[in-house]
Structure formats: structure tokens, C-alpha cells
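Step one of this worksheet: look at the structure below.
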Amino acid sequence: MRPAAALVVALLALLSLLIMSLGTGPVTVAAHEVLGALFAPAGTDPTAVAVVRGVRLPAALSAMLAGVALACSGAVMQTLFANPLAGPGVLGVTSGAGLGAALVMLVPGMAQAMGVAADAVLVLAAFAGALAVLAAIVVADQRLGDATTLLILGLLMGHLTGALIHVLQVAAGERALRGFVLWGMGSFAAVGMDRIPWLALPIGAGSAMVVAHMRTLDAMLLGEDYARTMGVGVRATRTRLIVATGLMAGATTAFCGPIAFLGMATPHLVRAALRSAHHHLVLPGSALVGAILALACDLVVRLADGLPLNAVTSLVGAPVVVWVLLSGRRWARMTSG
């Protein structure tokens, strides 16, 4: 199948899965009622409208946005660091968001002291933690200017924030600890329709920055030295793309919790399907497949009541990572064009 046709098929699959997702749950809604609830609510059963618009549509939109953000972030980071196992959490941004959430949920009286609704404080604190780590990484990039060193620094930042989270967990009460563990399992159902724009805004800004650098990313597939000969300002470009991926990954983690493996695994599936590493194909393909996988995982969570989202995404992503480890040379050849 040609790449353009494959992208069209992926888009149709996404739309079909969206209708299925909106109709599936404890209250089954037929496909025509789903369409009626979306486009002609006045002539549709009020119960169906309430279920589709009030409950399932926000979860589906947050799942698709998160899938787009994580998959595109993973594709960009794998190119920036020339590492097939790079993903949105590789720079510690996800761990920074987790530390912000831990401070609010595990430190007694923290949320009340800020004088804002508890769930709003959680989102703000997680996003602030992600941005703090992102700022530290950008400053380090300006001084070091080396992708490998930056990758190691990001991993160290992740371990440092993880250690601080463990300290907070030891000192926390049982109820607070349980709430933090549930947040760490991830969920697309916690974002209401009123907060969808706040999730979409940083993801849209980050996506626009990434799309503007597609040709630059293609040049960087062959290495930083080659990119410099093509007139690419490698350090400035890397900083901008780190900011873009940090915004997308930080916003997703803040609103939906840490989502495992989607960002790392999805770009590999797209490259294998399209037989190309060119970003004008990989980025839109990753966005579509990321949204499809996120919706599918959310649907599985809804059908298997009580199953954690991260357990489902790990079952999807872990085999892909094993496949990448077993075919490293083939991945290297694929990413070279």
C-alpha cells in the first residue's frame, strides 16, 4: 500500500474507532444515535446525548490528543538522539510532572494552601513540574550542546525526581498514597469538556513547532554533522524541538497521568508500515496511529472495568520495544532514509 493510501486508511480507522468508542460502555449507544448526539442533539434521545457528549466525548478527545502528543514526541526524540528507545519520558519531563503531582497529593495541606480546587491544583502542579525540568534541560543544552550528554542528564533528572517521589511516598498517609498510585496508573476519563482546550493548546503549539521542522529533522536523520553542512543550526533546533516535545508530554502527563510506551512504540509501527523514516510521512502517521492506539486502549479499559490504562499501553508497547531491540541494525538502516 502506498503511504498516502495508508494514511487515508488510518484516518478512516480512527473515525470508525471513535464512533465505536462513543457508543461502547455500560450504556450501549447505537452508531446512528452517536452521530445524532454529535450533529443533531435536538432530535436524539436525551440519555444518549448526555452519555455521548457529557461522558464519552471528553474521554475520547483527551485520548486522541494524548496519543498525538506522545507519538509525535517519541518520533522527534528518536531522531534528535539517534536512539530507537527514546521517548517522551527520556528527558525527565514526565517524572517532573509526577513530582509536581506528588507534592500536591502527598504533602498534607498543600492543595488547601493554594486556595484552588484540588483537581485544578493537581493539573497545575504537574504541568509546573514538567516545565521546571524542561527549563533545566534547555539551560543544560545551551551550555553542553551535546545530544548524548543531554540524554544522560535527562535520565539522571528522571531518577532524581523519582527518588524525591519515593521519599514523599514513604512519608505520606495511606489515603493520599492510594490517590497518587491511582493517578500514576493513567486515565483519559479525568478530563472534562471544559478542560479539553487547556489540554489542546500546548499540544497544538508543540505540534506546530514540530511540523515547522520536518525538513530539518530529515537532515538530522543522517547525523548532526551532515545537518550542519545543510545549514541547520543544530543546537538552536534541538532546543526548540525539546521545548515542543516537553510541552506536549508535560501537558499530557498533567491532565492524564503518566502514559507508558505509546510515545516510544508508535513511531516504530509507523516506520515499519510506511517503510520510510521521512518525517512528512512519519509525523502524520504517528499522530494518526497514536490517536488510534490511545482510543483502543481506552476502549479496552472501559470494557475490562478496573484494568489500569498503563497496564494496557504496556501490553501494546512492550512487544514493540522487544522487536526494536532484536532488530537494531534494521532500525538504523530504516532511519537513514
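Scheme for the C-alpha cells: letters A, B, ... for chains in order shown; per-chain residue numbers from 1; ligand numbers from 1 in order shown.
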query = Excluding same-chain residues fewer than 6 positions from region 67-69 of chain A, what lies within 10 Å of it counting only C-alpha atoms, as an MDAnalysis selection string?
reply = chainID A and resid 61 88 200 202:204 206:207 244:252 259 262:263 266 283:295
request  = For Ala125 (chain A), please output as a PyMOL selection string all residues within 7 Å (counting only C-alpha atoms; exclusion window: fewer than 4 positions along the same chain).
outcome  = chain A and resi 100-101+104+121+129
Go ahead and write the residues just picked, N, CA and C atoms, as a tab-separated table (two decimals), in the first residue's frame.
```tsv
chain	number	residue	atom	x	y	z
A	100	GLY	N	5.54	17.06	40.63
A	100	GLY	CA	4.57	18.12	40.93
A	100	GLY	C	3.28	17.56	41.47
A	101	ALA	N	2.80	16.47	40.86
A	101	ALA	CA	1.58	15.84	41.36
A	101	ALA	C	1.79	15.25	42.75
A	104	VAL	N	1.52	17.82	45.58
A	104	VAL	CA	0.14	18.22	45.89
A	104	VAL	C	-0.61	17.10	46.61
A	121	VAL	N	-5.51	22.19	41.09
A	121	VAL	CA	-4.17	22.28	41.66
A	121	VAL	C	-3.29	21.14	41.17
A	129	GLY	N	5.75	21.14	37.32
A	129	GLY	CA	6.89	20.24	37.48
A	129	GLY	C	7.51	19.86	36.16
```
request  = Taking the DSSP assignment computed from this structure's backbone, write out as a PyMOL selection string all residues of region 31-278 of chain A that belong to helix (DSSP H, G or I).
outcome  = chain A and resi 31-39+41-43+46-80+93-106+110-114+118-144+147-171+174-184+193-211+214-220+224-229+234-256+262-274
Could you name the residues that touch region 186-195 of chain A at 7 Å or less, counting only C-alpha atoms, but leaving out those on the same chain fewer than 5 positions away, as a short mmCIF file (atom, residue, chain, number, x, y, z; two decimals) with C-alpha atoms, in the first residue's frame?
```
data_model
loop_
_atom_site.label_atom_id
_atom_site.label_comp_id
_atom_site.auth_asym_id
_atom_site.auth_seq_id
_atom_site.Cartn_x
_atom_site.Cartn_y
_atom_site.Cartn_z
CA PRO A 58 -14.29 14.30 26.53
CA ALA A 59 -12.52 11.00 27.27
CA SER A 62 -8.34 13.55 25.57
CA ALA A 63 -7.23 10.07 24.43
CA PHE A 255 -4.04 16.02 32.56
CA CYS A 256 -3.96 12.25 32.01
CA GLY A 257 -1.17 10.98 34.25
CA PRO A 258 1.97 9.21 33.02
CA ILE A 259 1.11 7.10 29.96
CA LEU A 309 -4.63 2.21 31.49
CA ASN A 310 -0.85 1.87 31.85
#
```
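If you count only C-alpha atoms and ignore residues fewer than 3 places along the chain from Leu150 (chain A), what sits within 9 Å of it is Phe81, Leu91, Ile137, Ala140, Asp141, Leu144, Gly145, Asp146, Ala147, Leu153, Gly154 and Leu155 of chain A.
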query = So, counting only C-alpha atoms, which residue among A:Ala130, A:Val234, A:Ala296, A:Ala304 is closest to Ile19 (chain A)?
reply = A:Ala296
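With only C-alpha atoms as the atoms that count, the minimum distance from Phe127 (chain A) to the choices A:Val139, A:Ala97, A:Val210, A:Val34 is reached by A:Ala97.
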